[in-house]
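Data from upload07.txt: compact mmCIF, C-alpha atoms
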# COMPACT_ATOMS: atom_id res chain seq x y z
CA MET A 26 12.84 -45.54 -13.40
CA THR A 27 16.52 -45.42 -14.42
CA ARG A 28 18.20 -42.08 -13.75
CA ILE A 29 21.05 -41.04 -16.06
CA LEU A 30 23.39 -38.16 -15.23
CA HIS A 31 25.23 -36.81 -18.28
CA ILE A 32 28.55 -35.05 -17.57
CA LEU A 33 29.16 -32.41 -20.23
CA ASP A 34 31.65 -29.82 -21.43
CA HIS A 35 28.82 -27.41 -22.33
CA SER A 36 25.15 -27.51 -23.26
CA LEU A 37 22.15 -25.49 -24.33
CA PRO A 38 21.52 -22.60 -24.62
CA LEU A 39 24.91 -22.57 -26.38
CA HIS A 40 24.78 -23.75 -29.99
CA SER A 41 27.27 -26.30 -31.30
CA GLY A 42 27.25 -29.79 -32.75
CA TYR A 43 28.23 -30.98 -29.27
CA CYS A 44 25.15 -29.32 -27.75
CA PHE A 45 22.79 -30.64 -30.40
CA ARG A 46 24.00 -34.23 -30.02
CA THR A 47 23.52 -33.93 -26.26
CA ARG A 48 20.05 -32.48 -26.70
CA ALA A 49 19.06 -35.28 -29.06
CA ILE A 50 20.33 -38.00 -26.70
CA MET A 51 18.57 -36.55 -23.66
CA LYS A 52 15.30 -35.90 -25.49
CA ALA A 53 15.22 -39.41 -26.93
CA GLN A 54 16.00 -40.97 -23.53
CA ILE A 55 13.18 -39.02 -21.90
CA ALA A 56 10.80 -40.16 -24.64
CA ALA A 57 11.92 -43.74 -23.90
CA GLY A 58 10.93 -43.38 -20.23
CA LEU A 59 14.29 -42.60 -18.62
CA THR A 60 14.94 -39.74 -16.20
CA VAL A 61 17.90 -37.63 -17.31
CA ALA A 62 19.82 -34.53 -16.34
CA GLY A 63 23.15 -32.99 -17.23
CA VAL A 64 25.95 -31.35 -15.30
CA THR A 65 28.28 -28.92 -17.07
CA GLY A 66 31.79 -27.75 -16.21
CA VAL A 67 33.25 -24.27 -16.12
CA ARG A 68 33.55 -24.13 -19.92
CA GLN A 69 29.80 -23.56 -20.06
CA ASN A 70 30.69 -19.92 -19.41
CA GLN A 71 31.50 -18.62 -22.89
CA PRO A 72 31.18 -15.24 -24.62
CA GLY A 73 27.52 -14.35 -24.77
CA TYR A 74 26.41 -16.65 -21.96
CA VAL A 75 27.34 -17.07 -18.31
CA ALA A 76 25.50 -19.54 -16.07
CA GLU A 77 24.03 -17.82 -13.01
CA GLN A 78 21.91 -20.51 -11.35
CA PRO A 79 23.02 -23.89 -9.97
CA LEU A 80 20.15 -25.57 -11.87
CA GLU A 81 18.89 -24.28 -15.21
CA GLU A 82 16.29 -25.56 -17.66
CA PHE A 83 16.38 -25.15 -21.42
CA ASP A 84 14.09 -26.84 -23.92
CA ASP A 85 12.58 -28.85 -21.03
CA LEU A 86 16.01 -30.30 -20.15
CA GLN A 87 17.67 -29.86 -16.75
CA PHE A 88 21.33 -28.85 -16.41
CA PHE A 89 23.23 -28.55 -13.13
CA ARG A 90 25.90 -25.85 -13.45
CA THR A 91 29.40 -25.56 -12.03
CA LEU A 92 29.50 -21.94 -10.92
CA ALA A 93 33.08 -21.90 -9.60
CA GLN A 94 35.61 -19.60 -11.27
CA VAL A 95 38.87 -21.20 -12.43
CA GLN A 96 42.04 -19.37 -13.39
CA GLY A 97 45.71 -20.10 -13.91
CA PRO A 98 48.13 -21.04 -16.68
CA SER A 99 47.82 -24.33 -18.54
CA PRO A 100 47.94 -27.12 -17.35
CA ILE A 101 47.21 -25.85 -13.81
CA ARG A 102 43.93 -24.38 -14.99
CA GLU A 103 42.82 -27.71 -16.47
CA TRP A 104 43.57 -29.60 -13.24
CA ARG A 105 41.53 -27.02 -11.33
CA GLU A 106 38.69 -27.48 -13.82
CA VAL A 107 38.71 -31.22 -13.14
CA ALA A 108 38.70 -30.65 -9.38
CA VAL A 109 35.76 -28.22 -9.31
CA LEU A 110 33.76 -30.32 -11.75
CA ALA A 111 34.36 -33.45 -9.67
CA ASP A 112 33.15 -31.60 -6.56
CA ARG A 113 30.02 -30.46 -8.42
CA ILE A 114 29.30 -33.93 -9.80
CA GLU A 115 29.62 -35.44 -6.33
CA GLN A 116 27.22 -32.85 -4.94
CA VAL A 117 24.69 -33.56 -7.72
CA VAL A 118 25.04 -37.32 -7.18
CA ARG A 119 24.13 -36.90 -3.50
CA GLU A 120 21.15 -34.68 -4.31
CA TRP A 121 19.82 -36.25 -7.50
CA GLN A 122 20.73 -39.92 -6.86
CA PRO A 123 21.47 -41.15 -10.41
CA ASP A 124 21.80 -44.84 -11.23
CA ILE A 125 24.60 -44.29 -13.72
CA MET A 126 26.94 -41.55 -14.90
CA HIS A 127 27.42 -40.99 -18.61
CA ALA A 128 30.41 -38.70 -19.20
CA HIS A 129 31.07 -37.20 -22.62
CA SER A 130 34.49 -36.19 -23.94
CA PRO A 131 36.79 -34.32 -23.59
CA ALA A 132 38.95 -36.32 -21.21
CA LEU A 133 38.76 -33.63 -18.50
CA ASN A 134 35.06 -34.50 -18.04
CA GLY A 135 35.95 -38.16 -17.89
CA LEU A 136 38.65 -37.56 -15.27
CA ALA A 137 36.21 -35.67 -13.03
CA ALA A 138 33.54 -38.35 -13.43
CA LEU A 139 36.07 -41.12 -12.77
CA ARG A 140 37.00 -39.55 -9.44
CA VAL A 141 33.34 -39.56 -8.41
CA ALA A 142 32.77 -43.11 -9.68
CA GLU A 143 35.71 -44.38 -7.63
CA LYS A 144 34.39 -42.60 -4.54
CA THR A 145 30.69 -43.51 -4.86
CA GLY A 146 30.75 -46.84 -6.68
CA LEU A 147 28.43 -45.55 -9.40
CA PRO A 148 28.92 -47.14 -12.84
CA LEU A 149 30.52 -44.90 -15.45
CA VAL A 150 30.10 -44.83 -19.22
CA TYR A 151 32.62 -42.64 -21.03
CA GLU A 152 31.63 -41.46 -24.51
CA ILE A 153 34.21 -40.26 -27.04
CA ARG A 154 32.90 -37.95 -29.75
CA ALA A 155 36.37 -37.17 -31.11
CA PHE A 156 39.94 -37.43 -29.93
CA TRP A 157 40.42 -33.88 -28.74
CA GLU A 158 44.15 -33.88 -29.38
CA ASP A 159 43.35 -34.50 -33.06
CA ALA A 160 40.59 -31.89 -32.99
CA ALA A 161 43.13 -29.37 -31.69
CA VAL A 162 45.42 -30.19 -34.62
CA GLY A 163 42.49 -29.83 -37.01
CA ASN A 164 41.42 -26.41 -35.76
CA GLY A 165 44.96 -25.09 -35.53
CA THR A 166 45.31 -24.89 -31.74
CA GLY A 167 47.62 -27.91 -31.35
CA LYS A 168 50.38 -29.85 -33.07
CA GLU A 169 50.58 -33.59 -33.62
CA ASN A 170 53.13 -35.36 -31.40
CA SER A 171 53.64 -32.29 -29.22
CA PRO A 172 53.89 -32.74 -25.42
CA ARG A 173 50.31 -31.45 -25.05
CA TYR A 174 49.09 -33.89 -27.73
CA TRP A 175 50.79 -36.78 -25.95
CA LEU A 176 49.49 -35.76 -22.51
CA THR A 177 45.91 -35.44 -23.75
CA ARG A 178 46.07 -38.94 -25.21
CA GLN A 179 47.51 -40.41 -22.00
CA LEU A 180 44.79 -38.74 -19.91
CA GLU A 181 42.11 -40.16 -22.18
CA ASN A 182 43.67 -43.63 -22.04
CA HIS A 183 43.50 -43.37 -18.23
CA VAL A 184 39.78 -42.54 -18.36
CA ILE A 185 39.10 -45.30 -20.90
CA ASN A 186 40.83 -47.88 -18.70
CA GLY A 187 38.99 -46.69 -15.58
CA ALA A 188 35.48 -46.44 -17.08
CA ASP A 189 33.14 -49.42 -16.89
CA ALA A 190 32.18 -49.04 -20.56
CA VAL A 191 33.13 -46.82 -23.49
CA ALA A 192 30.90 -45.44 -26.24
CA VAL A 193 32.15 -43.98 -29.51
CA ILE A 194 30.34 -42.31 -32.38
CA CYS A 195 31.80 -44.30 -35.27
CA GLU A 196 33.81 -47.30 -36.42
CA GLY A 197 36.94 -45.21 -36.94
CA LEU A 198 37.18 -44.35 -33.25
CA ARG A 199 36.37 -47.93 -32.25
CA SER A 200 39.16 -49.31 -34.43
CA ASP A 201 41.64 -46.81 -33.00
CA LEU A 202 40.76 -47.81 -29.42
CA MET A 203 41.11 -51.50 -30.22
CA ALA A 204 44.56 -50.79 -31.67
CA ARG A 205 45.42 -49.31 -28.27
CA GLY A 206 44.44 -52.58 -26.60
CA VAL A 207 40.87 -51.79 -25.51
CA LYS A 208 38.74 -54.94 -25.67
CA SER A 209 35.96 -54.85 -28.24
CA GLU A 210 33.33 -55.94 -25.70
CA LYS A 211 33.99 -52.78 -23.69
CA ILE A 212 33.15 -50.52 -26.67
CA THR A 213 29.69 -49.60 -27.96
CA ILE A 214 29.09 -47.56 -31.12
CA SER A 215 26.39 -44.91 -30.77
CA PRO A 216 26.60 -43.17 -34.14
CA ASN A 217 25.80 -39.59 -34.90
CA GLY A 218 22.12 -39.26 -35.63
CA VAL A 219 19.50 -36.74 -36.58
CA ASP A 220 16.65 -35.38 -34.52
CA LEU A 221 13.92 -35.87 -37.10
CA GLU A 222 11.65 -33.44 -35.24
CA LEU A 223 14.14 -30.70 -36.10
CA PHE A 224 15.51 -31.90 -39.45
CA GLY A 225 12.95 -34.37 -40.82
CA GLN A 226 11.16 -32.01 -43.21
CA PRO A 227 12.72 -30.49 -46.35
CA PRO A 228 12.86 -26.71 -45.90
CA ALA A 229 10.72 -24.56 -48.16
CA ARG A 230 12.57 -22.53 -50.77
CA ASP A 231 12.57 -18.92 -49.60
CA GLU A 232 12.23 -16.99 -52.85
CA ASP A 233 12.65 -13.63 -51.10
CA LEU A 234 15.98 -14.70 -49.59
CA LEU A 235 17.05 -16.22 -52.89
CA SER A 236 16.39 -12.91 -54.64
CA GLU A 237 17.98 -10.89 -51.84
CA LEU A 238 21.22 -12.87 -52.23
CA GLY A 239 21.13 -12.61 -56.02
CA LEU A 240 20.84 -16.37 -56.48
CA SER A 241 17.74 -16.61 -58.67
CA GLY A 242 18.42 -18.91 -61.61
CA LYS A 243 21.68 -20.16 -60.09
CA SER A 244 22.80 -23.71 -59.27
CA VAL A 245 23.70 -23.24 -55.62
CA LEU A 246 26.49 -25.21 -53.93
CA GLY A 247 26.27 -24.77 -50.18
CA PHE A 248 28.21 -25.17 -46.97
CA ILE A 249 26.89 -24.36 -43.49
CA GLY A 250 29.24 -24.60 -40.53
CA SER A 251 32.54 -23.43 -39.09
CA PHE A 252 35.38 -22.44 -41.39
CA TYR A 253 38.27 -24.55 -40.08
CA ASP A 254 41.20 -25.52 -42.26
CA TYR A 255 40.30 -29.22 -42.13
CA GLU A 256 36.90 -28.50 -43.75
CA GLY A 257 38.76 -28.04 -47.05
CA LEU A 258 36.78 -25.03 -48.26
CA ASP A 259 39.91 -23.70 -49.96
CA ASP A 260 39.92 -26.83 -52.16
CA LEU A 261 36.29 -26.23 -53.09
CA ILE A 262 37.00 -22.58 -53.99
CA GLU A 263 40.03 -23.71 -56.00
CA ALA A 264 37.73 -26.03 -57.97
CA LEU A 265 35.27 -23.28 -58.89
CA PRO A 266 37.03 -21.78 -61.93
CA ARG A 267 37.08 -25.20 -63.65
CA LEU A 268 33.45 -25.81 -62.71
CA LEU A 269 32.33 -22.41 -63.98
CA THR A 270 33.70 -23.09 -67.45
CA SER A 271 31.21 -25.92 -67.95
CA ASN A 272 28.48 -24.68 -65.59
CA PRO A 273 28.61 -20.85 -65.60
CA GLN A 274 25.44 -20.49 -63.50
CA THR A 275 27.05 -22.20 -60.51
CA HIS A 276 27.25 -20.19 -57.26
CA LEU A 277 28.87 -21.08 -53.93
CA LEU A 278 27.01 -20.02 -50.77
CA LEU A 279 29.08 -20.17 -47.57
CA VAL A 280 27.12 -19.77 -44.34
CA GLY A 281 29.06 -19.45 -41.10
CA GLY A 282 32.47 -18.21 -40.05
CA GLY A 283 35.66 -19.19 -38.30
CA PRO A 284 39.45 -19.02 -38.35
CA MET A 285 39.78 -19.50 -42.13
CA GLU A 286 37.23 -16.87 -43.18
CA GLU A 287 39.64 -14.05 -44.02
CA SER A 288 41.97 -16.41 -45.87
CA LEU A 289 39.06 -17.76 -47.90
CA ARG A 290 37.85 -14.27 -48.74
CA ARG A 291 41.33 -13.36 -49.98
CA GLN A 292 41.43 -16.54 -52.07
CA VAL A 293 38.10 -15.65 -53.70
CA GLU A 294 39.42 -12.18 -54.50
CA ARG A 295 42.70 -13.53 -55.88
CA LEU A 296 40.86 -15.93 -58.19
CA GLY A 297 38.39 -13.25 -59.33
CA LEU A 298 35.41 -15.23 -58.02
CA GLY A 299 33.60 -12.43 -56.20
CA ALA A 300 30.53 -12.78 -58.45
CA ALA A 301 30.35 -16.54 -57.90
CA VAL A 302 30.79 -16.79 -54.12
CA THR A 303 28.68 -15.36 -51.29
CA PHE A 304 29.80 -15.22 -47.66
CA THR A 305 26.80 -14.63 -45.41
CA GLY A 306 28.71 -14.62 -42.12
CA ARG A 307 27.22 -16.36 -39.13
CA VAL A 308 23.42 -16.46 -39.04
CA PRO A 309 21.08 -17.05 -36.06
CA HIS A 310 20.34 -20.72 -35.47
CA GLY A 311 16.66 -20.15 -36.17
CA GLU A 312 17.54 -18.81 -39.63
CA VAL A 313 19.71 -21.73 -40.74
CA GLU A 314 16.83 -23.68 -42.27
CA ARG A 315 16.08 -20.78 -44.66
CA TYR A 316 19.59 -21.13 -46.09
CA TYR A 317 19.39 -24.92 -46.31
CA GLY A 318 16.36 -24.42 -48.55
CA LEU A 319 18.39 -22.42 -51.09
CA MET A 320 21.09 -25.04 -51.62
CA ASP A 321 20.92 -27.53 -54.47
CA ILE A 322 24.02 -29.49 -53.42
CA MET A 323 25.56 -29.48 -49.93
CA VAL A 324 29.33 -29.86 -50.30
CA TYR A 325 31.69 -31.13 -47.57
CA PRO A 326 35.26 -31.10 -48.98
CA ARG A 327 37.11 -32.14 -45.81
CA LYS A 328 40.87 -32.69 -46.02
CA SER A 329 42.37 -36.08 -45.18
CA MET A 330 43.89 -36.22 -41.67
CA ARG A 331 43.44 -38.25 -38.50
CA LEU A 332 40.49 -36.17 -37.32
CA THR A 333 38.51 -36.45 -40.55
CA ASP A 334 39.42 -40.07 -41.21
CA LEU A 335 38.37 -41.23 -37.73
CA VAL A 336 35.31 -39.08 -36.96
CA THR A 337 31.92 -38.95 -38.68
CA PRO A 338 30.45 -35.43 -38.93
CA LEU A 339 26.83 -34.57 -38.20
CA LYS A 340 26.16 -32.03 -40.97
CA PRO A 341 25.89 -34.46 -43.93
CA LEU A 342 23.28 -36.49 -42.04
CA GLU A 343 21.24 -33.38 -41.28
CA ALA A 344 21.43 -32.40 -44.95
CA MET A 345 20.25 -35.87 -46.03
CA ALA A 346 17.35 -35.70 -43.57
CA GLN A 347 16.32 -32.37 -45.07
CA GLY A 348 16.24 -33.71 -48.59
CA ARG A 349 19.46 -32.08 -49.77
CA LEU A 350 21.81 -33.72 -52.25
CA VAL A 351 25.20 -34.34 -50.58
CA ALA A 352 28.68 -34.36 -52.14
CA ALA A 353 31.73 -34.92 -49.93
CA SER A 354 35.39 -35.87 -49.93
CA ASP A 355 36.28 -39.53 -49.55
CA VAL A 356 37.79 -39.28 -46.05
CA GLY A 357 37.05 -42.13 -43.65
CA GLY A 358 34.44 -40.22 -41.67
CA HIS A 359 32.42 -39.54 -44.81
CA ARG A 360 32.73 -43.08 -46.15
CA GLU A 361 30.93 -44.34 -43.04
CA LEU A 362 27.96 -42.13 -43.93
CA ILE A 363 27.81 -41.91 -47.71
CA GLN A 364 27.64 -44.63 -50.38
CA ASP A 365 29.04 -43.11 -53.53
CA GLY A 366 26.37 -42.92 -56.22
CA ILE A 367 23.69 -44.28 -53.89
CA THR A 368 23.14 -41.90 -50.98
CA GLY A 369 25.46 -39.15 -52.23
CA THR A 370 28.64 -38.44 -54.15
CA LEU A 371 32.24 -38.86 -52.98
CA PHE A 372 35.23 -37.14 -54.55
CA PRO A 373 38.99 -37.40 -53.79
CA ALA A 374 40.03 -35.27 -50.84
CA GLY A 375 42.37 -32.38 -51.58
CA ASP A 376 41.96 -32.62 -55.37
CA PRO A 377 40.26 -29.49 -56.82
CA GLU A 378 40.31 -30.84 -60.38
CA ASN A 379 38.42 -33.99 -59.40
CA ILE A 380 36.07 -31.99 -57.17
CA ALA A 381 35.17 -29.85 -60.20
CA GLU A 382 34.64 -32.93 -62.40
CA LYS A 383 32.39 -34.67 -59.86
CA LEU A 384 30.28 -31.57 -59.21
CA ALA A 385 29.98 -30.86 -62.94
CA SER A 386 28.74 -34.41 -63.49
CA LEU A 387 26.13 -33.94 -60.79
CA LEU A 388 24.92 -30.64 -62.24
CA ASP A 389 24.71 -32.21 -65.71
CA ASN A 390 22.65 -35.19 -64.49
CA ARG A 391 19.84 -33.72 -62.41
CA GLY A 392 17.57 -36.58 -63.38
CA THR A 393 19.36 -38.83 -60.88
CA TRP A 394 18.96 -36.46 -57.94
CA SER A 395 15.50 -37.47 -56.73
CA GLN A 396 16.42 -41.15 -56.33
CA THR A 397 19.65 -40.33 -54.49
CA ILE A 398 17.86 -37.89 -52.18
CA GLU A 399 15.10 -40.39 -51.41
CA THR A 400 17.58 -43.22 -50.70
CA ALA A 401 19.65 -41.00 -48.42
CA LYS A 402 16.62 -39.81 -46.50
CA LYS A 403 15.45 -43.39 -45.94
CA PHE A 404 18.94 -44.32 -44.70
CA VAL A 405 18.83 -41.54 -42.08
CA GLU A 406 15.29 -42.39 -41.00
CA ALA A 407 16.07 -46.10 -40.65
CA ASP A 408 19.64 -46.12 -39.31
CA ARG A 409 20.58 -42.68 -38.03
CA ASN A 410 17.64 -41.33 -36.04
CA TRP A 411 17.94 -40.82 -32.30
CA SER A 412 14.88 -42.80 -31.25
CA SER A 413 16.70 -45.95 -32.40
CA ASN A 414 20.27 -44.79 -31.66
CA ILE A 415 19.71 -44.48 -27.92
CA LEU A 416 18.66 -48.13 -27.75
CA ARG A 417 22.35 -48.99 -28.11
CA TYR A 418 22.97 -47.55 -24.64
CA SER A 419 20.23 -49.54 -22.90
CA PRO A 420 21.92 -52.96 -22.60
CA VAL A 421 25.14 -51.26 -21.47
CA TYR A 422 23.32 -49.31 -18.75
CA GLN A 423 21.39 -52.38 -17.59
CA ARG A 424 24.47 -54.59 -17.45
CA LEU A 425 26.52 -52.08 -15.48
CA ILE A 426 23.76 -51.25 -13.01
CA ALA A 427 23.12 -54.96 -12.40
CA ARG A 428 26.85 -55.63 -11.93
CA LYS A 429 27.28 -52.80 -9.45
CA SER A 430 24.22 -53.96 -7.52
CA PHE A 431 25.66 -57.47 -7.35
CA GLU A 432 29.03 -56.14 -6.15
CA ARG A 433 27.37 -54.13 -3.37
CA ALA A 434 25.29 -57.09 -2.27
CA ALA A 435 28.38 -59.30 -2.17

Give the structure from this file in structure tokens form.
Amino acid sequence: MTRILHILDHSLPLHSGYCFRTRAIMKAQIAAGLTVAGVTGVRQNQPGYVAEQPLEEFDDLQFFRTLAQVQGPSPIREWREVAVLADRIEQVVREWQPDIMHAHSPALNGLAALRVAEKTGLPLVYEIRAFWEDAAVGNGTGKENSPRYWLTRQLENHVINGADAVAVICEGLRSDLMARGVKSEKITISPNGVDLELFGQPPARDEDLLSELGLSGKSVLGFIGSFYDYEGLDDLIEALPRLLTSNPQTHLLLVGGGPMEESLRRQVERLGLGAAVTFTGRVPHGEVERYYGLMDIMVYPRKSMRLTDLVTPLKPLEAMAQGRLVAASDVGGHRELIQDGITGTLFPAGDPENIAEKLASLLDNRGTWSQTIETAKKFVEADRNWSSNILRYSPVYQRLIARKSFERAA
């Protein structure tokens, strides 16, 4: 039975899109008959959770922990992180005896795994979920073309060149790698998918919560996630006054929090929209489905930039799987997921006037919703569910394991 060791930045019990993609991959691989485990680096230790045992189990998944403490200024700290993670991976490889290592971005994980692959001869798949230098620009912690941006890209190029195979989550990332000179046959696309056990059923409408939030009789536009600048929530708020003139019962429900929250609250106050916008703050993960059930249209108004043009987000797929109508900006990452007028609605990024027009048209034509929702749900079930997504890894694993076996025998 093939044994896959996933090398991870962090994992359950932490909650993030990164964790949920990892969980879905590992669960689907186990269901397909593979033996899997994960090993996490020092960044597993975050506010609210500190790993205490070298091996932990969550949701019937095994995670080996790196318990070492790392300190120091950047970039010394990052090099120390790579070193302690590489030591931990090598220890796990000796104990657990995997057939293949599957490292997931960021590049620091890939660097640690590459050291172990070179030492042990194990095949290495490196999976890129986003270019982290672009993610840093998107969340405001980095600047494009800065020395740190350049160094991060060079480190990732080193891992890409050293890995036996590369996986990416979408066509945008694949095209970018090919422009860097990576051969197409080295790259496999394993797109974002939905765990239909978690998101396959439309949530019931919670009338008590609807009443509690004062949303009874309202047309509810919703967003659930982190409030980063690149999400474009300021553009959506800017569109509201125009939308309210034609659809006065419209209400925007924002679930989550993040760096832009205070700025968005001030914008709502400045525009006099306090009665039309509700900020819930962050809610427990187990409560999220209750809020999904209140939302008539899930709106994803991402701004146009390298991050959003190259990377496909997970949230719109989850919304489609749960029978929600989806409207989103026309950035590249959304265009890979949404066919305008067929599985959802696309509007021009960064254009509040057009956002208002598109949303008004949707609210005025509710008779089309059921067909769009049904088509979108079928798309997710057929093309973006994890039981089929993980099959894309199988030929890559088999080819690399066979090649390494041949090289050893020779």

Could you pull the residues within 9 Å of A:His183, counting all atoms listed in the file, minus those fewer than 4 positions along the same chain, as a list in words?
Ala132, Leu136, Arg178, Gln179, Gly187 and Ala188 of chain A

Nearest to A:Trp411 by atom-to-atom distance, counting all atoms listed in the file, from A:Val356, A:Leu198, A:Leu221, A:Ile55:
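The closest residue to A:Trp411 is A:Leu221.
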
Have a look at A:Arg327, A:Arg68, A:Arg417, A:Arg48 and name the one nearest to A:Val107; count all atoms listed in the file.
A:Arg68

Selection near A:Met51, 12 Å with only C-alpha atoms, sequence-local residues under 5 positions removed, as an MDAnalysis selection string:
chainID A and resid 28:33 36:37 44:46 56:63 83:88 127 220 411:412 414:415 418

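Compared by their closest atoms to A:Glu82, and using all atoms listed in the file, the residues A:Pro38, A:Ile50, A:Ser200, A:Asn217 rank with A:Pro38 nearest.
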
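Straight-line separation from atom CA of A:Trp175 to atom CA of A:Gly42: 25.5 Å.
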
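The space between atom CA of A:Pro148 and atom CA of A:Gly66 spans 19.9 Å.
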
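Closest to A:Asn186 among A:Gly135, A:Pro172, A:Pro123, A:Gly225 is A:Gly135, based on all atoms listed in the file.
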